[in-house]
Each structure stands twice: as structure tokens, then as C-alpha cells.
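Read the structure below first, then the notes.
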Amino acid sequence: MEQVDIRPAVQRVPLHGSITREHIATLVDSFYLRIQADARLGPIFDARMAGHWDVHLDKMKLFWASVLLKSGEYKGRPVPAHMQMKGEVESDDFRLWLDLFRSTAHQVFSDPEAATVVIRQAEKIATSLWLAMLGSPFDRPPAFLFETAETRP
């Protein structure tokens, strides 16, 4: 009789116990309102999302639920999607994006530890996208990609 290797299902444990889907929805909605209002980032995003903001926001809610709650709902490929913007996006745009994200996360999450967990994930994602879009094998990502709440002046 052939033995079958059965593995347990992947445990989906949220990164922080206080993070909820409601938090994620508020984070995404608030953050992208701030993006749209930003003089530099607003036009970049609007050029891609005009008429499709609802679809993008729904996709981002699934993405962040997958990242923060480990829900496994998001099935997209963020790096190829962002590579289409190569040449439009500058290094400092990542700093602006993270500044808006960090302040929004601190507003949405009353638990400072949860906010820090969320921000660290955003920093990892921003670093990955920065490397894919702007980096070369010998580049070091800019320090602003790693400035969590504890290390900011």
C-alpha cells in the first residue's frame, strides 16, 4: 500500500489579534482618499485608476486582509502590475506613499502595537516594489523605507 504524505492545512494566524476587516476597510478607504488628495501621488494614481477606483479599493482590501489577517483571499501579482508604472514613479514617491500610509495607520489603529505591525508590512512591501522598479542588484534601498514609528524622529 502506497503511503500518502498528508500535510496539515496552513494555519492562518493574523499578524495582530486586534486587527479586523473593519480596520482594513477604514485603512484602505482613508489612505486612498489621502493619496487622491496628494499633489504628487494623486495624478499618478488617477492616471491608472480613473473610473476604476472602486475595483482598486476592493482589491486593496483583499490584499491587506491577506497580508494582515493571513486570509489568502488576494490572488494578484503586485510586482508585475507596478512594473507597468516604471518610469512614472520616482524614488521619493515611495517616501510620500509611506508617510501617508504611516500616518493613516496610526489614525486607524488605536493599538500602537497593531499600527506598528501594519506599518512594518507596508515598509516590506514598499521595499520589494522599490527594488523591483528602481533598484539594481547592488543598490541599497533608501533608509526612509525602514523608518517604523519607533525609529522616526
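Each chain of the C-alpha cells is named A, B, ... in the order shown, its residues numbered from 1; ligands are numbered from 1 in display order.
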Inset, instruction - Give me the residues within 7 Å of Leu68 (chain A) as a PyMOL selection string, counting only C-alpha atoms and dropping any in the same chain fewer than 2 places off. - result: chain A and resi 14-15+64-66+70
Legend entry - Leu134 (chain A) environment, 8 Å, only C-alpha atoms, sequence neighbours closer than 3 positions dropped, as a list of chain:residue names: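 Surrounding residues, per the criterion: A:Lys86, A:Glu90, A:Ser91, A:Trp130, A:Leu131.
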Got a sec: who's within 12 Å of Asp54 (chain A), counting only C-alpha atoms, leaving out chain neighbours fewer than 3 positions off, as an mmCIF file with C-alpha atoms, in the first residue's frame?
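The result, stored in selection-v3.cif:
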```cif
data_model
loop_
_atom_site.group_PDB
_atom_site.id
_atom_site.type_symbol
_atom_site.label_atom_id
_atom_site.label_comp_id
_atom_site.auth_asym_id
_atom_site.auth_seq_id
_atom_site.Cartn_x
_atom_site.Cartn_y
_atom_site.Cartn_z
ATOM 1 C CA VAL A 28 -7.693 51.399 2.672
ATOM 2 C CA ASP A 29 -10.504 53.916 2.194
ATOM 3 C CA TYR A 32 -6.520 56.244 -0.789
ATOM 4 C CA LEU A 33 -8.544 59.392 -0.106
ATOM 5 C CA MET A 49 -7.399 54.292 -11.572
ATOM 6 C CA ALA A 50 -9.675 56.912 -13.134
ATOM 7 C CA GLY A 51 -13.107 55.311 -13.350
ATOM 8 C CA LEU A 57 -10.142 49.690 -3.379
ATOM 9 C CA ASP A 58 -11.865 46.291 -3.247
ATOM 10 C CA LYS A 59 -8.671 44.645 -4.491
ATOM 11 C CA MET A 60 -6.586 46.508 -1.897
ATOM 12 C CA LYS A 61 -8.931 45.383 0.889
#
```
Inset, instruction - May I have the residues within 10 Å of region 44-47 of chain A as a list of chain:residue names, using only C-alpha atoms and disregarding those fewer than 3 positions away in the same chain? - result: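 That gives A:Tyr32, A:Ile35, A:Gln36, A:Asp38, A:Ala39, A:Arg40, A:Leu41, A:Ala50, A:Gly51, A:His52, A:Trp53, A:Met85, A:Glu88, A:Val89, A:Asp93.
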Inset, instruction - Write out as a ChimeraX atom specification the residues lying within 10 Å of Ile125 (chain A), counting only C-alpha atoms and excluding same-chain residues fewer than 3 positions away. - result: /A:67,78-79,119-122,128-131,145
Inset, instruction - Counting only C-alpha atoms, figure out which residue out of A:Val118, A:Pro142, A:His82, A:Ala126 gets nearest to His106 (chain A). - result: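 Closest residue, counting only C-alpha atoms: A:Val118.
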